[in-house]
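Quick look at model_33.cif (mmCIF, C-alpha atoms):
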data_protein
#
loop_
_atom_site.label_atom_id
_atom_site.label_comp_id
_atom_site.auth_asym_id
_atom_site.auth_seq_id
_atom_site.Cartn_x
_atom_site.Cartn_y
_atom_site.Cartn_z
CA MET Q 1 35.48 -154.18 -11.85
CA LEU Q 2 33.76 -153.15 -8.64
CA ARG Q 3 30.27 -154.53 -8.18
CA SER Q 4 27.47 -153.30 -5.95
CA ALA Q 5 27.12 -155.12 -2.62
CA ASN Q 6 23.76 -153.51 -1.85
CA ARG Q 7 21.27 -155.59 -3.81
CA ASN Q 8 19.51 -156.84 -0.67
CA SER Q 9 20.06 -153.81 1.56
CA THR Q 10 19.20 -150.13 1.68
CA PRO Q 11 19.87 -148.55 -1.74
CA SER Q 12 23.04 -146.52 -2.05
CA VAL Q 13 22.59 -142.84 -2.93
CA LEU Q 14 24.78 -140.26 -4.64
CA THR Q 15 23.51 -136.71 -4.07
CA ILE Q 16 24.64 -133.86 -6.31
CA LEU Q 17 25.49 -131.20 -3.74
CA GLY Q 18 26.51 -128.71 -6.42
CA CYS Q 19 26.83 -128.96 -10.21
CA GLY Q 20 28.14 -125.51 -11.13
CA THR Q 21 31.37 -124.20 -12.52
CA SER Q 22 33.93 -122.35 -10.38
CA SER Q 23 31.95 -119.11 -10.64
CA GLY Q 24 28.63 -120.77 -9.88
CA VAL Q 25 25.45 -120.05 -11.81
CA PRO Q 26 24.19 -117.37 -12.00
CA PHE Q 27 27.47 -115.66 -12.76
CA ILE Q 28 27.77 -112.38 -10.87
CA GLY Q 29 26.48 -109.55 -13.08
CA CYS Q 30 25.57 -111.75 -16.06
CA PRO Q 31 22.34 -110.77 -17.89
CA CYS Q 32 21.97 -114.00 -19.91
CA LYS Q 33 18.77 -116.05 -19.97
CA VAL Q 34 20.15 -118.85 -17.79
CA CYS Q 35 21.60 -116.50 -15.17
CA ARG Q 36 18.25 -114.66 -14.99
CA SER Q 37 16.22 -117.88 -14.98
CA LYS Q 38 13.61 -118.47 -12.28
CA ASN Q 39 13.98 -122.24 -12.66
CA PRO Q 40 15.80 -123.43 -9.50
CA LYS Q 41 17.51 -126.13 -11.56
CA ASN Q 42 19.46 -123.38 -13.32
CA THR Q 43 20.91 -122.21 -9.98
CA ARG Q 44 24.16 -124.13 -9.52
CA THR Q 45 26.48 -124.05 -6.53
CA ARG Q 46 30.09 -125.24 -6.80
CA SER Q 47 30.60 -128.90 -7.71
CA SER Q 48 30.63 -131.64 -5.09
CA VAL Q 49 28.81 -134.90 -4.35
CA TRP Q 50 27.79 -136.86 -1.25
CA ILE Q 51 27.72 -140.67 -1.33
CA ARG Q 52 25.89 -142.85 1.17
CA THR Q 53 26.52 -146.58 0.93
CA ARG Q 54 26.80 -149.48 3.39
CA GLY Q 55 26.03 -147.18 6.30
CA LYS Q 56 28.90 -144.80 5.48
CA SER Q 57 28.88 -141.18 4.34
CA LEU Q 58 31.57 -140.05 1.89
CA LEU Q 59 32.07 -136.53 0.58
CA ILE Q 60 33.85 -135.86 -2.71
CA ASP Q 61 35.42 -132.38 -2.39
CA SER Q 62 34.61 -129.67 0.15
CA SER Q 63 33.32 -127.03 -2.23
CA SER Q 64 33.16 -123.29 -1.63
CA ASP Q 65 29.44 -123.76 -0.92
CA LEU Q 66 29.75 -126.75 1.44
CA ARG Q 67 27.99 -125.09 4.37
CA GLN Q 68 24.80 -124.25 2.49
CA GLN Q 69 24.87 -127.62 0.69
CA ALA Q 70 25.19 -129.53 3.97
CA LEU Q 71 22.36 -127.55 5.56
CA ARG Q 72 20.13 -128.05 2.52
CA GLU Q 73 20.70 -131.82 2.43
CA LYS Q 74 20.79 -132.24 6.22
CA ILE Q 75 24.16 -133.99 6.19
CA LEU Q 76 24.78 -135.08 9.79
CA GLN Q 77 27.77 -137.38 9.28
CA ILE Q 78 30.91 -137.42 7.15
CA ASP Q 79 33.13 -140.47 7.49
CA ALA Q 80 35.75 -139.46 4.89
CA VAL Q 81 36.47 -136.85 2.21
CA LEU Q 82 37.86 -137.72 -1.22
CA TYR Q 83 39.56 -134.84 -3.05
CA THR Q 84 39.63 -134.63 -6.83
CA HIS Q 85 42.14 -131.76 -6.97
CA PRO Q 86 42.99 -128.60 -4.99
CA HIS Q 87 41.38 -125.80 -7.01
CA ALA Q 88 39.59 -123.33 -4.76
CA ASP Q 89 36.04 -124.17 -5.83
CA HIS Q 90 36.62 -127.80 -4.80
CA VAL Q 91 38.44 -127.31 -1.48
CA SER Q 92 37.71 -123.94 0.08
CA GLY Q 93 34.81 -125.18 2.20
CA ILE Q 94 37.34 -127.24 4.16
CA ASP Q 95 36.91 -125.22 7.36
CA ASP Q 96 33.26 -126.29 7.57
CA LEU Q 97 34.40 -129.88 8.08
CA ARG Q 98 35.13 -128.92 11.69
CA SER Q 99 31.40 -129.06 12.40
CA TYR Q 100 31.58 -132.80 11.78
CA ASN Q 101 34.56 -133.14 14.09
CA PHE Q 102 32.42 -131.51 16.78
CA LEU Q 103 29.42 -133.74 16.02
CA GLN Q 104 31.35 -136.99 15.67
CA LYS Q 105 34.07 -136.28 18.26
CA THR Q 106 36.68 -137.84 16.01
CA ASP Q 107 39.19 -136.97 13.29
CA ILE Q 108 38.08 -137.28 9.66
CA PRO Q 109 40.32 -139.03 7.09
CA ILE Q 110 40.85 -137.24 3.78
CA TYR Q 111 42.26 -138.76 0.59
CA GLY Q 112 43.91 -137.37 -2.51
CA ASN Q 113 46.91 -137.40 -4.81
CA ALA Q 114 50.20 -135.63 -4.04
CA TRP Q 115 49.11 -132.38 -5.70
CA SER Q 116 45.95 -132.15 -3.63
CA LEU Q 117 47.50 -133.03 -0.28
CA GLN Q 118 50.55 -130.80 -0.76
CA GLU Q 119 48.33 -127.83 -1.62
CA LEU Q 120 45.92 -128.47 1.25
CA THR Q 121 48.62 -128.83 3.90
CA SER Q 122 50.47 -125.70 2.73
CA ARG Q 123 47.32 -123.61 2.22
CA TYR Q 124 45.70 -124.59 5.53
CA PRO Q 125 48.61 -125.10 7.95
CA TYR Q 126 46.41 -124.41 10.99
CA ILE Q 127 44.50 -127.61 10.18
CA PHE Q 128 47.44 -129.91 9.58
CA SER Q 129 50.34 -128.51 11.63
CA THR Q 130 51.16 -129.90 15.08
CA GLU Q 131 52.77 -126.61 16.15
CA PRO Q 132 51.06 -125.20 19.26
CA ALA Q 133 50.76 -121.71 17.72
CA TYR Q 134 48.38 -123.09 15.10
CA ARG Q 135 46.25 -124.82 17.74
CA GLU Q 136 45.68 -121.85 20.03
CA GLY Q 137 42.01 -121.19 20.52
CA GLY Q 138 40.95 -124.53 19.03
CA GLY Q 139 38.01 -124.71 16.67
CA THR Q 140 39.95 -125.99 13.65
CA ALA Q 141 39.03 -129.01 11.56
CA ARG Q 142 40.83 -132.22 12.52
CA LEU Q 143 41.69 -134.00 9.29
CA VAL Q 144 44.07 -136.91 8.69
CA PRO Q 145 45.57 -137.01 5.16
CA HIS Q 146 46.01 -140.27 3.22
CA LEU Q 147 48.01 -140.21 -0.01
CA PHE Q 148 47.15 -142.01 -3.22
CA ASP Q 149 50.73 -142.13 -4.52
CA SER Q 150 51.62 -142.59 -8.18
CA ALA Q 151 52.39 -146.31 -7.83
CA PHE Q 152 49.03 -147.00 -6.22
CA LEU Q 153 47.17 -144.93 -8.81
CA ALA Q 154 48.86 -146.88 -11.58
CA SER Q 155 47.87 -150.21 -10.02
CA GLY Q 156 44.16 -149.85 -10.78
CA LYS Q 157 43.24 -151.25 -7.38
CA PRO Q 158 40.57 -149.89 -5.01
CA TRP Q 159 41.45 -148.42 -1.61
CA ASN Q 160 39.51 -149.38 1.50
CA VAL Q 161 37.94 -146.12 2.70
CA GLU Q 162 36.07 -146.74 5.94
CA GLY Q 163 35.15 -150.22 4.71
CA ILE Q 164 34.12 -149.00 1.23
CA PRO Q 165 36.24 -150.02 -1.80
CA VAL Q 166 36.97 -146.75 -3.60
CA LEU Q 167 38.71 -146.77 -6.97
CA PRO Q 168 40.60 -143.54 -7.80
CA ILE Q 169 40.69 -142.74 -11.50
CA PRO Q 170 43.47 -140.46 -12.83
CA VAL Q 171 42.37 -137.99 -15.51
CA SER Q 172 43.96 -134.91 -17.05
CA HIS Q 173 42.79 -131.45 -15.98
CA GLY Q 174 44.80 -129.40 -18.42
CA SER Q 175 48.44 -130.11 -17.54
CA ARG Q 176 47.65 -131.48 -14.05
CA GLU Q 177 46.34 -134.81 -12.85
CA CYS Q 178 42.90 -134.77 -11.27
CA LEU Q 179 41.17 -137.80 -9.74
CA GLY Q 180 37.76 -139.19 -10.52
CA TYR Q 181 36.30 -141.80 -8.19
CA ARG Q 182 34.36 -145.00 -8.66
CA VAL Q 183 32.31 -146.50 -5.81
CA GLU Q 184 30.72 -149.80 -6.80
CA SER Q 185 28.92 -149.17 -10.12
CA VAL Q 186 28.84 -145.37 -9.85
CA ALA Q 187 31.61 -142.98 -10.93
CA TYR Q 188 32.21 -139.25 -10.52
CA VAL Q 189 34.58 -137.58 -13.01
CA THR Q 190 34.76 -133.80 -12.81
CA ASP Q 191 37.32 -131.22 -14.01
CA CYS Q 192 38.58 -133.33 -16.86
CA SER Q 193 40.01 -132.52 -20.28
CA TYR Q 194 41.27 -136.01 -21.20
CA ILE Q 195 40.79 -139.56 -19.92
CA PRO Q 196 43.64 -141.99 -20.69
CA ASP Q 197 42.83 -145.51 -21.87
CA SER Q 198 43.88 -147.05 -18.54
CA SER Q 199 41.31 -144.89 -16.78
CA LEU Q 200 38.60 -145.56 -19.37
CA ASP Q 201 39.01 -149.24 -18.49
CA ARG Q 202 38.11 -148.40 -14.87
CA LEU Q 203 34.89 -146.74 -16.03
CA LYS Q 204 33.31 -149.69 -17.79
CA GLU Q 205 29.99 -151.33 -16.82
CA LEU Q 206 28.69 -148.35 -14.87
CA SER Q 207 25.11 -147.93 -13.73
CA VAL Q 208 25.68 -144.16 -13.26
CA LEU Q 209 28.39 -141.82 -14.56
CA VAL Q 210 28.54 -138.21 -13.37
CA LEU Q 211 30.73 -136.45 -15.92
CA ASP Q 212 32.32 -133.04 -16.44
CA CYS Q 213 30.74 -130.81 -19.11
CA LEU Q 214 31.59 -127.14 -18.69
CA GLN Q 215 30.24 -125.51 -21.84
CA LEU Q 216 29.39 -125.88 -25.53
CA ARG Q 217 32.66 -124.71 -27.05
CA LYS Q 218 36.05 -126.36 -26.57
CA HIS Q 219 37.93 -125.55 -23.34
CA GLY Q 220 41.54 -126.12 -22.32
CA THR Q 221 40.96 -127.83 -18.98
CA HIS Q 222 37.39 -129.20 -19.10
CA PHE Q 223 35.24 -131.37 -21.30
CA HIS Q 224 32.89 -129.45 -23.53
CA LEU Q 225 29.65 -131.06 -24.69
CA ASP Q 226 31.00 -132.91 -27.74
CA GLN Q 227 33.86 -134.43 -25.71
CA ALA Q 228 31.49 -135.52 -22.97
CA LEU Q 229 29.12 -137.15 -25.46
CA GLU Q 230 31.95 -138.96 -27.23
CA THR Q 231 33.15 -140.36 -23.88
CA ILE Q 232 29.61 -141.53 -23.14
CA ARG Q 233 29.47 -143.31 -26.52
CA VAL Q 234 32.70 -145.13 -25.66
CA LEU Q 235 31.76 -146.12 -22.10
CA ARG Q 236 28.02 -146.70 -22.58
CA PRO Q 237 26.97 -146.33 -18.93
CA LYS Q 238 23.32 -147.06 -18.17
CA LYS Q 239 22.80 -143.44 -17.12
CA THR Q 240 24.94 -140.29 -17.39
CA VAL Q 241 24.50 -136.99 -15.59
CA LEU Q 242 26.53 -133.98 -16.77
CA THR Q 243 27.99 -131.72 -14.09
CA HIS Q 244 30.33 -128.73 -13.53
CA LEU Q 245 27.96 -126.82 -15.82
CA GLY Q 246 28.34 -123.21 -16.87
CA HIS Q 247 25.61 -120.89 -18.07
CA ASP Q 248 25.53 -122.30 -21.62
CA PHE Q 249 23.05 -124.88 -20.41
CA ASP Q 250 19.42 -124.09 -19.71
CA TYR Q 251 18.12 -127.10 -17.80
CA LEU Q 252 14.84 -127.67 -19.66
CA THR Q 253 16.15 -126.82 -23.13
CA TRP Q 254 19.18 -129.09 -22.96
CA ASN Q 255 17.44 -132.00 -21.28
CA ARG Q 256 15.02 -132.06 -24.22
CA LYS Q 257 17.95 -132.09 -26.66
CA LEU Q 258 19.86 -134.75 -24.72
CA ALA Q 259 16.80 -137.01 -24.60
CA SER Q 260 17.38 -137.87 -28.27
CA ILE Q 261 20.71 -139.57 -27.51
CA ARG Q 262 20.12 -143.31 -27.56
CA GLU Q 263 23.51 -144.73 -26.55
CA SER Q 264 23.03 -143.85 -22.88
CA LYS Q 265 20.40 -141.96 -20.94
CA VAL Q 266 21.94 -138.48 -20.61
CA SER Q 267 20.69 -135.49 -18.62
CA LEU Q 268 21.96 -132.40 -16.86
CA ALA Q 269 22.62 -132.48 -13.14
CA TYR Q 270 20.92 -130.11 -10.74
CA ASP Q 271 21.68 -129.28 -7.14
CA GLY Q 272 19.98 -131.80 -4.88
CA LEU Q 273 19.58 -134.52 -7.52
CA LYS Q 274 19.68 -138.00 -5.94
CA LEU Q 275 20.93 -140.99 -7.91
CA ARG Q 276 20.29 -144.45 -6.47
CA TRP Q 277 21.81 -147.80 -7.34
#
Could you show the structure in this file as structure tokens?
Amino acid sequence: MLRSANRNSTPSVLTILGCGTSSGVPFIGCPCKVCRSKNPKNTRTRSSVWIRTRGKSLLIDSSSDLRQQALREKILQIDAVLYTHPHADHVSGIDDLRSYNFLQKTDIPIYGNAWSLQELTSRYPYIFSTEPAYREGGGTARLVPHLFDSAFLASGKPWNVEGIPVLPIPVSHGSRECLGYRVESVAYVTDCSYIPDSSLDRLKELSVLVLDCLQLRKHGTHFHLDQALETIRVLRPKKTVLTHLGHDFDYLTWNRKLASIRESKVSLAYDGLKLRW
């Protein structure tokens, strides 16, 4: 398994940019207690994380709320983007990546499985096409796609992303394959309804696991709370943070309840949370 190479250097940091479901929290027009809460930790933008390690800056997904997340966290550099899957809440901030092309004066590599890259290139042809008509006026993001094909995903090997070993982890998101990612001893697994045994093996000996947990009742394409907790009992990471949260979860109420779980330290994510290793 991947081990941390940062014991004698600056600590690596994973920042929760957004921990909300596809609708965000508060839901538009919802009168529930969580959606009306004045606690800022109950305000959840769309799910994404930012990883800084070994002097590099990696983004996982370009969420619908990327612009406000990047401004809030003062993200001034993005060396690569890892895509979990192409649903709108995880990709539709893609146009805001052009700001980093302007700042860095270079193309940005992006990574994903065939589903993600096929959807991105067809949905945003003006970014990926070489046809002059798409380039008129300029101002588009300059992104270079890199495919994690099925043979590579089955191999269980890490990919060198800008000098950082990144291990993609196939999981089921309903009937489609979504990717989680492991960087050193930290893993991010969102939009997940099932984790096969081969992928569970890639999630052992973690210092931090950020894990999908949409709601309290069972869902067809996401973990609900009982599934998330059972996965935590199997993997036994040192710390787990639940993400992609809907409005079932009041931050203070559920953190008190989760504090009683002894197998692994479990808590809810909140926007801006920083996890170091």
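Proximity of Q:Val171, Q:Leu179, Q:Leu143, Q:Leu216 to Ile195 in chain Q, computed with only C-alpha atoms, is greatest for Q:Val171.
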Expected selection from the PyMOL selection byres ((chain Q and resi 16-26) around 6), given as a VMD selection string:
chain Q and resid 15 27 35 43 to 49 69 89 243 to 246 271 to 273
So how many Å separate CA of Gly174 in chain Q and CA of His222 in chain Q, to one decimal?
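Between these atoms lies a distance of 7.4 Å.
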Residues matched by the PyMOL selection byres ((chain Q and resi 202) around 10), written as JSON, numbers by chain
{"Q": [1, 2, 156, 157, 167, 168, 169, 170, 181, 182, 187, 197, 198, 199, 200, 201, 203, 204, 205, 206, 235]}
Expansion of the PyMOL selection byres ((chain Q and resi 229) around 10) into residues, as number ranges by chain
Q: 211, 213, 223-228, 230-235, 240, 242, 258, 261, 263-264, 266
Which residue of Q:Asp250, Q:Pro196, Q:Lys274, Q:Lys105 approaches Asn39 in chain Q most closely, using only C-alpha atoms:
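Among Q:Asp250, Q:Pro196, Q:Lys274, Q:Lys105, it is Q:Asp250 that comes nearest to Asn39 in chain Q.
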Measuring between only C-alpha atoms, which one of Q:Thr106, Q:Gln68, Q:Ser193, Q:Thr121 shows the shortest distance to Lys218 in chain Q?
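Counting only C-alpha atoms, the residue closest to Lys218 in chain Q is Q:Ser193.
The space separating CA of His146 in chain Q from CA of Ala80 in chain Q comes to 10.4 Å.
Computed from the coordinates, the CA of Ser57 in chain Q to CA of Ile78 in chain Q distance equals 5.1 Å.
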Residues within 6 Å of (35.7, -140.6, 10.3), counting all atoms listed in the file, listed as number ranges by chain:
Q: 79-80, 107-109
Of the candidates Q:Thr140, Q:Ile28, Q:Leu147, Q:Leu14, which one gets nearest to Glu73 in chain Q if we count all atoms listed in the file?
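Closest to Glu73 in chain Q of all the choices is Q:Leu14.
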Listed atoms of range 13-24 of chain Q boxed along x, y and z, 5 Å each side, centre and edge lengths in Å, one decimal, as AutoDock Vina command-line options:
--center_x 28.3 --center_y -131.0 --center_z -7.7 --size_x 21.3 --size_y 33.7 --size_z 19.6
Neighbour residues at most 10 Å from (46.9, -126.2, -15.0) (all atoms listed in the file) as a count of residues only:
9
When you count only C-alpha atoms, which of these residues is closest to Leu268 in chain Q: Q:Asn42, Q:Gln104, Q:Ser37, Q:Ser12?
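The shortest atom-to-atom distance to Leu268 in chain Q comes from Q:Asn42.
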